[in-house]
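All remarks here apply to the structure that follows.
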Number of protein chains: 2
Amino acid sequence: MNKPLRYPNGQMPLQTSQKQSAARRGMTLEHDLNQSNQYYLDHDLAVIYKKPTPIQVVKVDYAARNKTKIIEAYYQTPSTIDYSGVYKGYHLDFEAKETHSKTSFPFRSIHPHQIDYIEKVLKHGAISFVIVRFVFYDKTYLVEGDKMVNVYRQRERSSIPYSWFEENAYLVPSSFYPSLDYLKIVDLILPKEVNQ
Amino acid sequence: MNKPLRYPNGQMPLQTSQKQSAARRGMTLEHDLNQSNQYYLDHDLAVIYKKPTPIQVVKVDYAARNKTKIIEAYYQTPSTIDYSGVYKGYHLDFEAKETHSKTSFPFRSIHPHQIDYIEKVLKHGAISFVIVRFVFYDKTYLVEGDKMVNVYRQRERSSIPYSWFEENAYLVPSSFYPSLDYLKIVDLILPKEVNQ
């Protein structure tokens, strides 16, 4: 944990620190991403949204005044990953996961069909990645889609060690606003992924 | 209705006819698009999905065996448009609407925030458009995003006449499988929109 931070491409991390501020403490990754996406939208940098959770509606009550009330419904397994949008003409598609483990990121956090999805969109030219937050360290990493697919497919154990992220992923700069400036990292990976 | 069909760019329509087959009769536009998107996925041409309808969940019942049952929820107004995905490295984002009118497409079918959304994603390099089906004629048109934004903003009446679509939009080729081969039209508009 004390070695100098370095990105996989050899660059040093961006200057913003990831120290937890009082304001941010306890904020979930989803909250931070939604706030950052709002920042990107307000500043006309990108249009990125969290996809709604798919819900199967079984029964509705039209008797309620004003609006239709859903009275029986179930969560469905999503066919895709959580976030998508457009940035500098590129299609962005990514998943976000938190783990409370100090040592590793369990593979069971990602569904096999999500790995298939990442592989497919990459093939069609998307910029796809997984954002993983280690809550204990309050560190958030961006893992390029092809790396996540490879490590997932070659899996020799049930999880990815924390040290793997330090060596193979990008530390996402964190601040007050935007909470997580992950587009700074996307800028670093744009040409590599697009020209591959 | 009897004049020769021609695309706005001067090209003649693709050869597939839009005659209604017995199998397709009564199929909704959403059904046809979902089937076409499945075709594109199966044939490894593109990855395009309908975004789930956003639903605000108010109350759930954990007592149900196996899975969480939602017992109070409401439909929310979507912040985005219906379909998105990646094709040839481009971000696709589009809305689909049916009308039963023989004469025109009412502007009230599209929310102002959806027009704003189309304008924003176009600005960031997306390929964005609106697919409009005139159910009476069983004809489905693709309207480029910038044209839809313009005609919506300049609106002098409450709807767009059917003749406007004949002159300004692309007739989407229809067949058995895929039901609506709209990527054929996207191919025609790709360079124009991207290089603008």
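Ordering of the structure tokens sets the chain letters (A, B, ...), residue numbers begin anew at 1 in every chain, and ligands are numbered from 1 in the order given.
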
- Task: Please determine the contact residues of chain A with respect to chain B at a cut-off of 6 Å, counting only C-alpha atoms, and supply them as a PyMOL selection string.
- Result: chain A and resi 52+54+69-74+87-89+91+124-126

Grab the residues selected above and save them as a PDB file, in the first residue's frame with C-alpha atoms.
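Final file, again-v4.pdb:
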```pdb
ATOM      1  CA  PRO A  52     -33.000   1.735 -14.834  1.00  0.00           C
ATOM      2  CA  PRO A  54     -35.450  -3.903 -15.098  1.00  0.00           C
ATOM      3  CA  LYS A  69     -50.042   2.118  -9.031  1.00  0.00           C
ATOM      4  CA  ILE A  70     -48.034  -1.051  -9.540  1.00  0.00           C
ATOM      5  CA  ILE A  71     -49.097  -3.582  -6.906  1.00  0.00           C
ATOM      6  CA  GLU A  72     -47.179  -6.686  -7.955  1.00  0.00           C
ATOM      7  CA  ALA A  73     -43.783  -6.660  -9.605  1.00  0.00           C
ATOM      8  CA  TYR A  74     -40.406  -8.414  -9.436  1.00  0.00           C
ATOM      9  CA  TYR A  87     -18.395  10.845 -24.701  1.00  0.00           C
ATOM     10  CA  LYS A  88     -16.313  12.436 -27.465  1.00  0.00           C
ATOM     11  CA  GLY A  89     -18.214  10.383 -30.017  1.00  0.00           C
ATOM     12  CA  HIS A  91     -20.034   4.721 -26.774  1.00  0.00           C
ATOM     13  CA  HIS A 124     -18.234  -3.292 -31.709  1.00  0.00           C
ATOM     14  CA  GLY A 125     -15.961  -0.434 -30.671  1.00  0.00           C
ATOM     15  CA  ALA A 126     -17.354   0.603 -27.297  1.00  0.00           C
TER      16      ALA A 126
END
```

* To do: Per DSSP on the backbone, filter stretch 33-188 of chain A down to the residues in alpha helix (DSSP H) and report them as a PyMOL selection string.
  => chain A and resi 33-42+112-123+145-153+162-168+182-188

Find the spatial neighbours of A:Tyr162, counting only C-alpha atoms, within a cut-off of 6 Å - ignore same-chain residues fewer than 3 positions away - and output them as a PDB file with N, CA and C atoms, in the first residue's frame.
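Wrote result-v5.pdb, looks like this:
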```
ATOM      1  N   THR A 103      -9.031  -7.688   0.999  1.00  0.00           N
ATOM      2  CA  THR A 103      -7.992  -8.445   0.304  1.00  0.00           C
ATOM      3  C   THR A 103      -8.252  -8.702  -1.175  1.00  0.00           C
ATOM      4  N   SER A 104      -9.530  -8.762  -1.564  1.00  0.00           N
ATOM      5  CA  SER A 104      -9.791  -9.145  -2.953  1.00  0.00           C
ATOM      6  C   SER A 104     -11.205  -8.804  -3.398  1.00  0.00           C
ATOM      7  N   PHE A 165      -5.284  -5.028  -8.647  1.00  0.00           N
ATOM      8  CA  PHE A 165      -5.838  -3.723  -9.016  1.00  0.00           C
ATOM      9  C   PHE A 165      -4.759  -2.648  -8.970  1.00  0.00           C
TER      10      PHE A 165
END
```

Quick one: of B:Val172, B:Ile118, B:Ile189, B:Val132, who's nearest to B:Ile81, counting only C-alpha atoms?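 Going through B:Val172, B:Ile118, B:Ile189, B:Val132 one by one, the smallest distance to B:Ile81 is for B:Ile118.
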
Using only C-alpha atoms, the best pick from A:Tyr177, A:Leu29, A:His113, A:Phe129 as closest to A:Lys147 would be A:Phe129

re atom CA of B:Ile131 and atom CA of B:Gln76: distance 22.3 Å

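Relative to atom CA of B:Glu98, atom CA of B:Ser158 is found at 16.3 Å.
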
One decimal place gives the atom CA of B:Ser159-atom CA of B:Phe105 separation as 5.3 Å

Which of chain B DSSP labels strand (DSSP E), written as a ChimeraX atom specification: /B:47-50,55-61,69-75,83-87,90-99,104-106,127-134,139-144,159-161,170-171

Looking at A:Lys102, A:Arg108, A:His43, A:His31, which one is nearest to A:Tyr152, with distances taken over only C-alpha atoms?
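Of A:Lys102, A:Arg108, A:His43, A:His31, the one nearest A:Tyr152 is A:Arg108, counting only C-alpha atoms.
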